[in-house]
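*Asks:* What follows is a structure written as structure tokens; I'll ask about it next.
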Amino acid sequence: MTERRWYPPSRPRAVENGLKARSSRGAIGSSWWSRRFLEVLESFAMGNRLTRGRAYARKGQVVSLEVTPGEVRAVVQGSRVRPYRVGIGLAPFTELVWARAEIALSEHALPSAKLLAGEVPPELEDLFGAAGAPLFPRAVKELDQRCSCPDREVPCKHLAATFYLLAEAFDADPFLILRWRGRERESLLRRLRELRADGPVDEPDELAEPAPAAAGAALALADLPPPAHQPDRFWLPPAPLPARPATLHVEPDLLLRQLPTPGAVLGGEALVAELRTAYQRFGAAE
């Protein structure tokens, strides 16, 4: 019988200025969207594998993390000299799918207002899902998980650490979720403003980079009626303004006659007579 040799668990090499998870204990992720992201991953039976990367995330073993449309790239330091390269792919939406999602979002005033204020409302997931554009993956096969380490388990601890740091990155910038799905923050907000205003909106030069629009997206937007409610334009008057009501001509001392005669201490009838004379004088001067 061949004797099995026992190897002590390897320890990762220390990293200077690595990306550390902000939470030192307990759950990772503070916002609804980051917690929802981790819940989705755990629903894929990845929970036990994810916990392997929590210590890596908190120790600062993730050297770098970058979110681009359709791809999350990270460098994670393990026990070997050369760090491992991690990639997590998620297919970005097509322009036609984005057009439907933006139209659906623009027709809901409160979620649109929250997005324009830099906040991701909880209704966003349902709105995007109803438009055929789910924010989060619906099955583990939608995630293309890659790591250059020799571990055959997926996710390995390097991928798992990247998932945790990605969740915290969503806390800091919730628009990274939308970038991962293919739309930059400025492009999305510009499109929402246009749809809410029912026309193009002038932007500052640094934001004047129009998002490419496919022919299908243009057709989807062509005959769309403007949103029924536009709270972001509530200060604009209707056109044309309604006619001004006619002026009612009354006696100058009408108000004075509606009031009771003051007491003798205040002047009584004499005060009323003086005020009546003054009212009539003012009325004649108009």
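The chains in the structure tokens are called A, B, ... from first to last as shown; in each chain the residues are counted from 1, and the ligands are counted from 1 in the order shown.
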Name all residues at most 10 Å from Ala139 in chain A (count only C-alpha atoms; drop same-chain ones fewer than 4 positions away) and give them as a compact mmCIF listing (two decimals) with N, CA and C atoms, in the first residue's frame.
*Replies:*
```
# COMPACT_ATOMS: atom_id res chain seq x y z
N VAL A 40 -26.96 35.96 -5.42
CA VAL A 40 -27.11 35.28 -6.70
C VAL A 40 -26.01 34.23 -6.87
N LEU A 41 -24.78 34.61 -6.52
CA LEU A 41 -23.67 33.65 -6.64
C LEU A 41 -23.89 32.46 -5.71
N SER A 43 -26.67 31.28 -4.75
CA SER A 43 -27.77 30.46 -5.24
C SER A 43 -27.30 29.47 -6.31
N PHE A 44 -26.10 29.68 -6.85
CA PHE A 44 -25.55 28.76 -7.83
C PHE A 44 -24.75 27.64 -7.16
N LEU A 143 -21.64 33.00 -16.46
CA LEU A 143 -20.37 33.56 -16.00
C LEU A 143 -19.22 32.75 -16.60
```
*Asks:* Running DSSP on the backbone, which parts of range 39-220 of chain A land in helix (DSSP H, G or I), as a PyMOL selection string?
*Replies:* chain A and resi 39-51+54-59+95-106+109-116+123-130+140-142+157-172+175-180+185-197+205-207+215-220
*Asks:* Please provide as a list in words all residues within 10 Å of Gly53 in chain A, with the sequence filter that same-chain residues fewer than 5 positions apart are discarded (counting only C-alpha atoms).
*Replies:*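 The contact residues come out as Asn48, Arg58, Lys59, Gln61, Pro155, Cys156, Lys157, His158, Leu159, Ala160, Ala161, Thr162, Phe163, Tyr164 and Leu165 of chain A.
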*Asks:* Write a file of the selected residues as a CSV table (one decimal), in the first residue's frame, keeping all heavy atoms.
*Replies:*
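For reference, part_22.csv as written:
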```
chain,number,residue,atom,x,y,z
A,48,ASN,N,-19.9,27.5,-0.6
A,48,ASN,CA,-18.8,27.0,0.1
A,48,ASN,C,-17.5,27.4,-0.6
A,48,ASN,O,-16.5,27.6,0.1
A,48,ASN,CB,-18.9,25.4,0.2
A,48,ASN,CG,-20.1,25.0,1.1
A,48,ASN,OD1,-20.4,25.7,2.0
A,48,ASN,ND2,-20.6,23.8,0.8
A,58,ARG,N,-9.9,39.8,2.4
A,58,ARG,CA,-9.6,40.6,3.6
A,58,ARG,C,-8.1,40.8,3.9
A,58,ARG,O,-7.8,41.8,4.6
A,58,ARG,CB,-10.3,40.0,4.8
A,58,ARG,CG,-11.8,40.2,4.8
A,58,ARG,CD,-12.5,39.6,5.9
A,58,ARG,NE,-13.9,40.0,5.9
A,58,ARG,CZ,-14.9,39.3,6.4
A,58,ARG,NH1,-14.7,38.1,6.9
A,58,ARG,NH2,-16.2,39.7,6.4
A,59,LYS,N,-7.3,40.0,3.4
A,59,LYS,CA,-5.9,40.1,3.6
A,59,LYS,C,-5.2,41.0,2.6
A,59,LYS,O,-4.1,41.4,2.8
A,59,LYS,CB,-5.2,38.7,3.6
A,59,LYS,CG,-3.8,38.6,4.1
A,59,LYS,CD,-3.3,37.2,4.2
A,59,LYS,CE,-1.9,37.1,4.8
A,59,LYS,NZ,-1.5,35.7,4.9
A,61,GLN,N,-5.0,40.2,-0.9
A,61,GLN,CA,-4.2,39.5,-1.9
A,61,GLN,C,-4.6,39.9,-3.3
A,61,GLN,O,-3.9,39.5,-4.3
A,61,GLN,CB,-4.5,38.0,-1.7
A,61,GLN,CG,-4.0,37.4,-0.4
A,61,GLN,CD,-2.5,37.6,-0.2
A,61,GLN,OE1,-2.1,38.2,0.8
A,61,GLN,NE2,-1.7,37.2,-1.1
A,155,PRO,N,-15.6,28.2,-8.4
A,155,PRO,CA,-14.5,29.2,-8.4
A,155,PRO,C,-13.3,28.7,-7.5
A,155,PRO,O,-13.6,28.2,-6.4
A,155,PRO,CB,-15.1,30.5,-7.9
A,155,PRO,CG,-16.2,30.0,-7.0
A,155,PRO,CD,-16.7,28.7,-7.6
A,156,CYS,N,-12.1,29.0,-7.8
A,156,CYS,CA,-11.0,28.8,-6.9
A,156,CYS,C,-11.0,30.0,-5.9
A,156,CYS,O,-11.8,30.9,-6.1
A,156,CYS,CB,-9.7,28.8,-7.7
A,156,CYS,SG,-9.4,30.3,-8.6
A,157,LYS,N,-10.1,29.9,-5.0
A,157,LYS,CA,-10.1,31.0,-4.0
A,157,LYS,C,-9.7,32.4,-4.6
A,157,LYS,O,-10.0,33.4,-4.1
A,157,LYS,CB,-9.2,30.7,-2.8
A,157,LYS,CG,-7.8,30.3,-3.2
A,157,LYS,CD,-7.0,29.7,-2.0
A,157,LYS,CE,-5.7,29.0,-2.4
A,157,LYS,NZ,-5.1,28.4,-1.2
A,158,HIS,N,-9.0,32.3,-5.7
A,158,HIS,CA,-8.6,33.6,-6.4
A,158,HIS,C,-9.8,34.2,-7.1
A,158,HIS,O,-10.0,35.4,-7.0
A,158,HIS,CB,-7.5,33.3,-7.4
A,158,HIS,CG,-6.4,32.5,-6.8
A,158,HIS,ND1,-6.2,31.2,-7.2
A,158,HIS,CD2,-5.4,32.7,-5.8
A,158,HIS,CE1,-5.2,30.6,-6.5
A,158,HIS,NE2,-4.7,31.5,-5.7
A,159,LEU,N,-10.6,33.4,-7.7
A,159,LEU,CA,-11.8,33.9,-8.3
A,159,LEU,C,-12.8,34.3,-7.2
A,159,LEU,O,-13.4,35.4,-7.3
A,159,LEU,CB,-12.5,32.8,-9.1
A,159,LEU,CG,-12.1,32.6,-10.5
A,159,LEU,CD1,-12.5,31.3,-11.1
A,159,LEU,CD2,-12.6,33.7,-11.4
A,160,ALA,N,-12.9,33.6,-6.1
A,160,ALA,CA,-13.8,33.9,-5.0
A,160,ALA,C,-13.4,35.2,-4.4
A,160,ALA,O,-14.3,36.1,-4.1
A,160,ALA,CB,-13.8,32.8,-3.9
A,161,ALA,N,-12.1,35.5,-4.2
A,161,ALA,CA,-11.6,36.7,-3.6
A,161,ALA,C,-12.0,37.9,-4.5
A,161,ALA,O,-12.4,39.0,-4.1
A,161,ALA,CB,-10.1,36.7,-3.4
A,162,THR,N,-11.9,37.6,-5.9
A,162,THR,CA,-12.3,38.7,-6.8
A,162,THR,C,-13.8,39.0,-6.8
A,162,THR,O,-14.2,40.1,-6.8
A,162,THR,CB,-11.9,38.2,-8.3
A,162,THR,OG1,-10.5,37.9,-8.3
A,162,THR,CG2,-12.3,39.3,-9.3
A,163,PHE,N,-14.6,38.0,-6.6
A,163,PHE,CA,-16.1,38.2,-6.4
A,163,PHE,C,-16.4,39.1,-5.2
A,163,PHE,O,-17.2,40.0,-5.3
A,163,PHE,CB,-16.8,36.8,-6.3
A,163,PHE,CG,-17.1,36.1,-7.6
A,163,PHE,CD1,-16.7,34.8,-7.8
A,163,PHE,CD2,-17.8,36.8,-8.6
A,163,PHE,CE1,-16.9,34.2,-9.0
A,163,PHE,CE2,-18.0,36.2,-9.8
A,163,PHE,CZ,-17.6,34.9,-10.0
A,164,TYR,N,-15.7,38.8,-4.1
A,164,TYR,CA,-15.9,39.6,-2.9
A,164,TYR,C,-15.5,41.1,-3.1
A,164,TYR,O,-16.2,42.0,-2.7
A,164,TYR,CB,-15.2,39.0,-1.7
A,164,TYR,CG,-15.9,37.8,-1.1
A,164,TYR,CD1,-15.2,36.6,-0.9
A,164,TYR,CD2,-17.2,37.9,-0.6
A,164,TYR,CE1,-15.9,35.5,-0.4
A,164,TYR,CE2,-17.8,36.8,0.0
A,164,TYR,CZ,-17.2,35.6,0.1
A,164,TYR,OH,-17.8,34.6,0.7
A,165,LEU,N,-14.3,41.2,-3.7
A,165,LEU,CA,-13.9,42.6,-4.0
A,165,LEU,C,-14.7,43.3,-5.0
A,165,LEU,O,-15.0,44.5,-4.9
A,165,LEU,CB,-12.4,42.6,-4.4
A,165,LEU,CG,-11.3,42.8,-3.4
A,165,LEU,CD1,-11.4,44.2,-2.8
A,165,LEU,CD2,-11.4,41.7,-2.3
```
*Asks:* Which residues come within 12 Å of Val81 in chain A, counting only C-alpha atoms, excluding same-chain residues fewer than 2 positions away, as number ranges by chain?
*Replies:* A: 11-15, 76-79, 83-84, 149
*Asks:* For N, CA and C atoms, I'd like the residues from the last selection saved as a compact mmCIF listing (two decimals), in the first residue's frame.
*Replies:*
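File produced: part19.txt:
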```txt
# COMPACT_ATOMS: atom_id res chain seq x y z
N ARG A 11 0.72 29.05 2.01
CA ARG A 11 0.32 30.39 2.44
C ARG A 11 0.60 31.38 1.32
N PRO A 12 -0.33 32.30 1.10
CA PRO A 12 -0.10 33.27 0.03
C PRO A 12 1.02 34.24 0.40
N ARG A 13 1.71 34.70 -0.60
CA ARG A 13 2.77 35.69 -0.39
C ARG A 13 2.14 37.04 -0.02
N ALA A 14 2.81 37.75 0.85
CA ALA A 14 2.30 39.05 1.28
C ALA A 14 2.31 40.04 0.12
N VAL A 15 1.32 40.92 0.12
CA VAL A 15 1.17 41.92 -0.92
C VAL A 15 1.21 43.30 -0.29
N VAL A 76 -4.39 38.42 -8.73
CA VAL A 76 -4.45 37.95 -7.35
C VAL A 76 -3.15 37.23 -7.01
N GLN A 77 -2.54 37.63 -5.91
CA GLN A 77 -1.29 37.01 -5.47
C GLN A 77 -1.58 35.77 -4.64
N GLY A 78 -1.03 34.64 -5.07
CA GLY A 78 -1.18 33.40 -4.32
C GLY A 78 0.13 33.03 -3.65
N SER A 79 0.37 31.74 -3.56
CA SER A 79 1.58 31.26 -2.89
C SER A 79 2.80 31.26 -3.81
N PRO A 83 1.86 36.31 -9.69
CA PRO A 83 0.42 36.39 -9.35
C PRO A 83 -0.42 35.72 -10.43
N TYR A 84 -1.64 35.35 -10.03
CA TYR A 84 -2.57 34.71 -10.96
C TYR A 84 -3.45 35.77 -11.62
N CYS A 149 -4.41 29.83 -12.14
CA CYS A 149 -3.87 28.94 -11.11
C CYS A 149 -4.14 27.48 -11.50
```
*Asks:* Which residue is closest to Arg183 in chain A? Choose from A:Trp33, A:Arg281, A:Pro92, A:Ser10 and count only C-alpha atoms.
*Replies:*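 Among the listed residues, A:Pro92 lies closest to Arg183 in chain A.
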*Asks:* Pick out the residues sitting within 12 Å of Gly26 in chain A, and hand them over as a PyMOL selection string; count only C-alpha atoms, and ignore anything fewer than 5 positions along from it in its own chain.
*Replies:* chain A and resi 21+51+54-55+58
*Asks:* Could you turn the residues from that selection into a file that holds N, CA, C and O atoms, as a JSON list (two decimals), in the first residue's frame?
*Replies:*
```json
[["chain", "number", "residue", "atom", "x", "y", "z"],
["A", 21, "ALA", "N", -10.72, 44.03, 1.50],
["A", 21, "ALA", "CA", -12.14, 44.20, 1.78],
["A", 21, "ALA", "C", -12.30, 45.11, 2.99],
["A", 21, "ALA", "O", -11.55, 45.01, 3.97],
["A", 51, "THR", "N", -16.46, 31.10, 0.21],
["A", 51, "THR", "CA", -15.87, 31.39, 1.52],
["A", 51, "THR", "C", -14.36, 31.18, 1.53],
["A", 51, "THR", "O", -13.67, 31.77, 2.36],
["A", 54, "ARG", "N", -12.68, 34.52, 1.01],
["A", 54, "ARG", "CA", -12.95, 35.65, 1.90],
["A", 54, "ARG", "C", -11.68, 36.12, 2.62],
["A", 54, "ARG", "O", -11.42, 37.31, 2.73],
["A", 55, "ALA", "N", -10.87, 35.15, 3.09],
["A", 55, "ALA", "CA", -9.63, 35.51, 3.77],
["A", 55, "ALA", "C", -8.67, 36.22, 2.82],
["A", 55, "ALA", "O", -7.99, 37.18, 3.20],
["A", 58, "ARG", "N", -9.85, 39.81, 2.43],
["A", 58, "ARG", "CA", -9.62, 40.64, 3.62],
["A", 58, "ARG", "C", -8.13, 40.84, 3.90],
["A", 58, "ARG", "O", -7.75, 41.81, 4.57]]
```
*Asks:* I need the residue nearest Ala117 in chain A from this list: A:Leu192, A:Leu96, A:Ala74, A:Val154. Use only C-alpha atoms for the distance.
*Replies:*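 Answer, going by the shortest atom-to-atom distance: A:Leu192.
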*Asks:* As an exercise, work out the distance from CA of Leu127 in chain A to CA of Ser31 in chain A in Å and give it to one decimal place.
*Replies:*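 These two atoms are separated by 18.4 Å.
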*Asks:* May I have the residues within 9 Å of Leu188 in chain A as a list of chain:residue names, using only C-alpha atoms and disregarding those fewer than 3 positions away in the same chain?
*Replies:*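 Here the answer would be A:Glu102, A:Leu178, A:Arg183, A:Glu184, A:Arg185, A:Arg191, A:Leu192, A:Arg193, A:Ala211.
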*Asks:* Do you know which residues are at most 9 Å from Val97 in chain A counting only C-alpha atoms, after dropping those on the same chain fewer than 3 positions away, and could you put them as a list in words?
*Replies:*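 Non-adjacent residues within range: Phe93, Thr94, Arg100, Ala101, Glu102, Ala131, Gly132, Ala133 and Ala217 of chain A.
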*Asks:* Could you save the residues just selected, with all heavy atoms, as an mmCIF file, in the first residue's frame?
*Replies:*
```cif
data_model
loop_
_atom_site.group_PDB
_atom_site.id
_atom_site.type_symbol
_atom_site.label_atom_id
_atom_site.label_comp_id
_atom_site.auth_asym_id
_atom_site.auth_seq_id
_atom_site.Cartn_x
_atom_site.Cartn_y
_atom_site.Cartn_z
ATOM 1 N N PHE A 93 -25.320 43.585 -22.735
ATOM 2 C CA PHE A 93 -26.565 43.657 -23.491
ATOM 3 C C PHE A 93 -26.318 44.248 -24.869
ATOM 4 O O PHE A 93 -25.432 45.091 -25.050
ATOM 5 C CB PHE A 93 -27.595 44.525 -22.758
ATOM 6 C CG PHE A 93 -27.962 44.030 -21.391
ATOM 7 C CD1 PHE A 93 -28.130 44.913 -20.335
ATOM 8 C CD2 PHE A 93 -28.149 42.682 -21.146
ATOM 9 C CE1 PHE A 93 -28.473 44.460 -19.071
ATOM 10 C CE2 PHE A 93 -28.488 42.216 -19.892
ATOM 11 C CZ PHE A 93 -28.651 43.108 -18.852
ATOM 12 N N THR A 94 -27.133 43.851 -25.826
ATOM 13 C CA THR A 94 -27.098 44.465 -27.143
ATOM 14 C C THR A 94 -27.713 45.867 -27.059
ATOM 15 O O THR A 94 -28.397 46.215 -26.085
ATOM 16 C CB THR A 94 -27.878 43.622 -28.158
ATOM 17 O OG1 THR A 94 -29.268 43.617 -27.784
ATOM 18 C CG2 THR A 94 -27.361 42.188 -28.192
ATOM 19 N N ARG A 100 -34.611 49.020 -24.924
ATOM 20 C CA ARG A 100 -35.838 48.636 -24.211
ATOM 21 C C ARG A 100 -35.721 48.939 -22.726
ATOM 22 O O ARG A 100 -36.664 49.435 -22.100
ATOM 23 C CB ARG A 100 -36.109 47.141 -24.426
ATOM 24 C CG ARG A 100 -36.574 46.777 -25.817
ATOM 25 C CD ARG A 100 -37.290 45.440 -25.811
ATOM 26 N NE ARG A 100 -36.449 44.367 -25.283
ATOM 27 C CZ ARG A 100 -35.743 43.522 -26.023
ATOM 28 N NH1 ARG A 100 -35.769 43.633 -27.344
ATOM 29 N NH2 ARG A 100 -35.022 42.570 -25.473
ATOM 30 N N ALA A 101 -34.559 48.641 -22.143
ATOM 31 C CA ALA A 101 -34.366 48.882 -20.711
ATOM 32 C C ALA A 101 -34.423 50.374 -20.392
ATOM 33 O O ALA A 101 -35.028 50.786 -19.396
ATOM 34 C CB ALA A 101 -33.037 48.290 -20.258
ATOM 35 N N GLU A 102 -33.808 51.205 -21.224
ATOM 36 C CA GLU A 102 -33.805 52.645 -20.974
ATOM 37 C C GLU A 102 -35.203 53.232 -21.125
ATOM 38 O O GLU A 102 -35.588 54.132 -20.359
ATOM 39 C CB GLU A 102 -32.815 53.311 -21.929
ATOM 40 C CG GLU A 102 -31.369 53.004 -21.589
ATOM 41 C CD GLU A 102 -30.406 53.310 -22.721
ATOM 42 O OE1 GLU A 102 -30.881 53.505 -23.864
ATOM 43 O OE2 GLU A 102 -29.193 53.353 -22.472
ATOM 44 N N ALA A 131 -37.759 44.135 -18.882
ATOM 45 C CA ALA A 131 -37.380 44.575 -20.227
ATOM 46 C C ALA A 131 -36.486 43.551 -20.923
ATOM 47 O O ALA A 131 -35.962 43.832 -22.006
ATOM 48 C CB ALA A 131 -36.668 45.925 -20.155
ATOM 49 N N GLY A 132 -36.305 42.381 -20.314
ATOM 50 C CA GLY A 132 -35.462 41.351 -20.914
ATOM 51 C C GLY A 132 -33.985 41.625 -20.752
ATOM 52 O O GLY A 132 -33.171 41.140 -21.547
ATOM 53 N N ALA A 133 -33.634 42.405 -19.711
ATOM 54 C CA ALA A 133 -32.232 42.766 -19.479
ATOM 55 C C ALA A 133 -31.881 42.536 -18.007
ATOM 56 O O ALA A 133 -31.702 43.499 -17.266
ATOM 57 C CB ALA A 133 -31.998 44.226 -19.871
ATOM 58 N N ALA A 217 -32.105 49.775 -32.254
ATOM 59 C CA ALA A 217 -32.412 50.659 -31.136
ATOM 60 C C ALA A 217 -33.146 51.901 -31.616
ATOM 61 O O ALA A 217 -34.074 52.386 -30.979
ATOM 62 C CB ALA A 217 -31.128 51.048 -30.421
#
```
*Asks:* Which of range 46-185 of chain A end up as strand (DSSP E or B) when DSSP is run on this backbone - answer as a list of chain:residue names?
*Replies:*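 Answer for range 46-185 of chain A, restricted to strand (DSSP E or B): A:Val62, A:Val63, A:Ser64, A:Leu65, A:Glu66, A:Val67, A:Thr68, A:Glu71, A:Val72, A:Arg73, A:Ala74, A:Val75, A:Val76, A:Tyr84, A:Arg85, A:Val86, A:Gly87, A:Ile88, A:Gly89, A:Leu90, A:Leu143, A:Asp144, A:Gln145, A:Arg146, A:Cys147.
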*Asks:* So how many Å separate CA of Glu168 in chain A and CA of Gly87 in chain A, to one decimal?
*Replies:*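 Value for the CA of Glu168 in chain A-CA of Gly87 in chain A distance: 17.1 Å.
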